[in-house]
Every structure is written in C-alpha cells, then in structure tokens.
Amino acid sequence: MKQNDHQAELQPPVSQKRRLRRQIFLVFFVVLEVVMTLVPFLGFIPVGPINATTLHLPVILAGLLLGWQAGLVTGFTFGLLSMLRATFQPDLTSFIFSPFITISGYSGNLSSLFIAFVPRMLMGLAAAWLSRWLLRHWHKQALAYGLSAFVASMCNTLLVLTGIYVFHRQGYSHVIQVSVSALFGILAASITGIGLVEAILADIICVPIVMALQKGFKDLLV
C-alpha cells in the first residue's frame with residue numbers, strides 16, 4: 001500500500017471533520033458565555049437600573065456561523081447563566097430573571113423564566129434564520145451578516161424590556177424608585193440607548209469574525 005493511500009485511510013471523512021469542527025466551535029461559544037459571566041463587568045455591565053451585556057455576542061456568532069440549533073443552545077446558555085447569576089448574586093432587580101428571588105416583597109415567577117430564556121434563545125434563532133434568508137436573496141455577505149446581527153440583538157433587547165414592563169412593571173418601578181407611568185419612558189430610552197449600543201457592538205465584532213472564519217473554514221457555515 002502506498003504511503004499516500006495509508007494517510008488517506010487515517011484521515012476522517014470530510015463530513016466527520018466538519019461535524020467535529022462545528023462541535024468544537026459550539027463548545028467554545030458556550031464556554032465563552034460562562035467565562036464572560038464570571039468575569040466582573042465583562043458579561044454584565046451595570047448602567048443605572050439596567051445591565052448592559054456583551055453575552056449576546058457569542059449567541060449571535062453561533063447563530064451566524066453554525067445555524068439555528070447552535071444559536072438556540074448558546075442562547076439557552078445565556079438564559080441559564082442569567083437566571084443563575086440573578087439567583088446566587090442577587091441585586092434589586094434579580095426577581096425579574098429568577099423565580100427563586102424575592103426583593104421588597106416582589107417575587108420572581110414563571111414570567112421570570114420567560115424573560116431570562118426566551119429572548120436569548122430567539123436571538124440565536126433570529127441570527128441564524130435571517131442571515132440564511134438574506135444570503136439566499138441578497139448576496140452581499142457583510143451586509144447580510146450585519147443586518148442579521150443588528151436585528152437579533154435588538155430582538156433580545158425589545159423582548160427583555162417588554163417582558164419587564166408587561167410582567168413586572170409594579171415591582172420594577174418600586175425597586176428603582178420611579179412611578180409606573182414613568183417606567184415606560186425609561187425602558188424606551190434603554191431600547192434606543194443601551195439597545196442600540198449593543199446592536200452596533202454586535203455588528204462591529206461579529207461581522208469581521210464571521211467573514212474571517214468563513215474564509216478560513218469554508219465548510220463551517222451551514
């Protein structure tokens with residue numbers, strides 16, 4: 001048997017290599033979520049009564065690079081870490097993200113699980129589905145990825161803040177010491193302020209990474 005033939009037998013099939021590579025990237029994104037959560041002021045950044053976050057970045061990257069299933073898993077990880085942090089490192093608003101916390105007489109409940117998990121999981125789905133749809137109909141890759149990252153990030157912000165207003169406006173307005181009537185304006189300002197910053201950050205960071213990895217690992221994207 002020739003040496004080249006022997007080496008070919010030792011090499012795994014391309015599909016197996018692709019599957020392994022994708023699994024490694026998924027594990028990396030999940031671990032990155034954990035590390036960013038544990039490092040103070042990296043994953044969660046206090047901005048007044050609202051926490052800005054960078055934990056949306058691995059979720060969006062997973063969705064853009066690996067597809068909806070990876071986006072869903074990484075988004076679930078984001079939600080789980082958010083709930084655990086609210087449970088074991090509570091602050092005044094932790095009842096919004098954890099059903100196990102009571103602050104000033106206001107308790108978390110099933111809606112807290114919705115706010116913690118659903119927006120983050122839908123963010124990964126949105127990044128994957130929208131990018132695939134745009135790439136089929138619009139062949140400008142950088143713009144397709146940029147729009148998808150922006151929309152996915154804003155989807156997370158809108159759903160989290162809408163969930164706060166719908167399910168916890170009484171408790172939230174009480175703990176941050178504002179009137180319920182003023183809360184809507186505060187949350188709307190957060191959408192146009194923190195939400196836009198997070199969405200722009202997603203474009204600045206995610207798009208170059210996706211474009212670079214696409215060139216380096218042509219069989220990575222789905």
# chains A, B, ... in the order shown; residues from 1 in each chain; ligands from 1
>>> closest_atom_pairs(of="range 26-95 of chain A", to="range 210-213 of chain A", cutoff="10 Å", atoms="only C-alpha atoms", output="Markdown table")
| residue | atom | partner | partner_atom | distance |
| --- | --- | --- | --- | --- |
| A:Leu61 | CA | A:Val210 | CA | 7.1 |
| A:Ala62 | CA | A:Val210 | CA | 9.6 |
| A:Leu64 | CA | A:Val210 | CA | 7.3 |
| A:Leu65 | CA | A:Val210 | CA | 6.5 |
>>> write_last_selection(atoms="N, CA and C atoms", output="mmCIF file, in the first residue's frame")
data_model
loop_
_atom_site.group_PDB
_atom_site.id
_atom_site.type_symbol
_atom_site.label_atom_id
_atom_site.label_comp_id
_atom_site.auth_asym_id
_atom_site.auth_seq_id
_atom_site.Cartn_x
_atom_site.Cartn_y
_atom_site.Cartn_z
ATOM 1 N N LEU A 61 -22.896 35.028 17.170
ATOM 2 C CA LEU A 61 -21.857 34.340 16.397
ATOM 3 C C LEU A 61 -22.227 32.886 16.136
ATOM 4 N N ALA A 62 -22.750 32.212 17.152
ATOM 5 C CA ALA A 62 -23.146 30.814 16.982
ATOM 6 C C ALA A 62 -24.252 30.686 15.944
ATOM 7 N N LEU A 64 -24.976 32.819 13.451
ATOM 8 C CA LEU A 64 -24.484 33.175 12.118
ATOM 9 C C LEU A 64 -23.599 32.083 11.533
ATOM 10 N N LEU A 65 -22.731 31.512 12.356
ATOM 11 C CA LEU A 65 -21.737 30.562 11.873
ATOM 12 C C LEU A 65 -22.261 29.129 11.788
#
>>> residues_around(residues="Ala182 in chain A", least_positions_apart="4", cutoff="12 Å", atoms="only C-alpha atoms", output="JSON, numbers by chain")
{"A": [165, 169, 170, 172, 173, 174, 176, 177, 178, 186, 187, 188, 189]}
>>> write_last_selection(atoms="C-alpha atoms", output="mmCIF file, in the first residue's frame")
data_model
loop_
_atom_site.group_PDB
_atom_site.id
_atom_site.type_symbol
_atom_site.label_atom_id
_atom_site.label_comp_id
_atom_site.auth_asym_id
_atom_site.auth_seq_id
_atom_site.Cartn_x
_atom_site.Cartn_y
_atom_site.Cartn_z
ATOM 1 C CA TYR A 165 -42.978 46.110 31.519
ATOM 2 C CA ARG A 169 -43.725 46.866 35.981
ATOM 3 C CA GLN A 170 -45.083 47.292 39.510
ATOM 4 C CA TYR A 172 -39.528 47.045 38.899
ATOM 5 C CA SER A 173 -40.780 50.603 39.238
ATOM 6 C CA HIS A 174 -40.890 50.152 43.024
ATOM 7 C CA ILE A 176 -35.812 51.549 41.137
ATOM 8 C CA GLN A 177 -37.996 54.191 42.815
ATOM 9 C CA VAL A 178 -39.852 55.613 39.852
ATOM 10 C CA ILE A 186 -37.214 54.743 30.976
ATOM 11 C CA LEU A 187 -37.467 51.393 29.202
ATOM 12 C CA ALA A 188 -37.993 53.084 25.830
ATOM 13 C CA ALA A 189 -34.873 55.169 26.430
#
>>> closest_residue(among="A:Ile200, A:Leu125, A:Leu20, A:Val207", to="Leu143 in chain A", atoms="only C-alpha atoms")
A:Val207
>>> select_by_dssp(residues="range 12-69 of chain A", states="alpha helix (DSSP H)", output="PyMOL selection string")
chain A and resi 14-38+56-66+68-69
>>> write_last_selection(atoms="C-alpha atoms", output="short mmCIF file (atom, residue, chain, number, x, y, z; two decimals), in the first residue's frame")
data_model
loop_
_atom_site.label_atom_id
_atom_site.label_comp_id
_atom_site.auth_asym_id
_atom_site.auth_seq_id
_atom_site.Cartn_x
_atom_site.Cartn_y
_atom_site.Cartn_z
CA VAL A 14 -14.74 15.45 5.39
CA SER A 15 -18.26 15.37 6.86
CA GLN A 16 -16.90 13.94 10.12
CA LYS A 17 -14.18 16.59 10.28
CA ARG A 18 -16.80 19.26 9.60
CA ARG A 19 -19.06 17.92 12.33
CA LEU A 20 -16.19 17.82 14.82
CA ARG A 21 -15.09 21.33 13.93
CA ARG A 22 -18.61 22.66 14.38
CA GLN A 23 -18.93 20.94 17.75
CA ILE A 24 -15.65 22.46 18.89
CA PHE A 25 -16.85 25.93 17.90
CA LEU A 26 -20.15 25.39 19.71
CA VAL A 27 -18.36 24.30 22.90
CA PHE A 28 -16.11 27.34 22.58
CA PHE A 29 -19.09 29.71 22.38
CA VAL A 30 -20.77 28.06 25.38
CA VAL A 31 -17.56 28.23 27.45
CA LEU A 32 -17.10 31.84 26.39
CA GLU A 33 -20.55 32.62 27.78
CA VAL A 34 -19.54 31.12 31.12
CA VAL A 35 -16.22 32.98 31.27
CA MET A 36 -17.81 36.31 30.35
CA THR A 37 -20.45 35.80 33.05
CA LEU A 38 -17.88 35.04 35.74
CA HIS A 56 -25.29 38.42 23.22
CA LEU A 57 -22.14 38.30 21.07
CA PRO A 58 -21.39 34.53 21.35
CA VAL A 59 -25.09 33.78 20.78
CA ILE A 60 -25.16 35.81 17.57
CA LEU A 61 -21.86 34.34 16.40
CA ALA A 62 -23.15 30.81 16.98
CA GLY A 63 -26.31 31.54 15.02
CA LEU A 64 -24.48 33.17 12.12
CA LEU A 65 -21.74 30.56 11.87
CA LEU A 66 -23.32 27.30 12.96
CA TRP A 68 -30.23 27.77 14.38
CA GLN A 69 -29.54 24.78 16.62
#
>>> residues_around(residues="Ala116 in chain A", least_positions_apart="5", cutoff="12 Å", atoms="only C-alpha atoms", output="PyMOL selection string")
chain A and resi 75-87+94-99+108-111+121-122+156-157+159-161+163-164
>>> atom_distance(atom1="CA of Ser153 in chain A", atom2="CA of Ala202 in chain A")
7.1 Å
>>> atom_distance(atom1="CA of Leu135 in chain A", atom2="CA of Thr54 in chain A")
25.6 Å
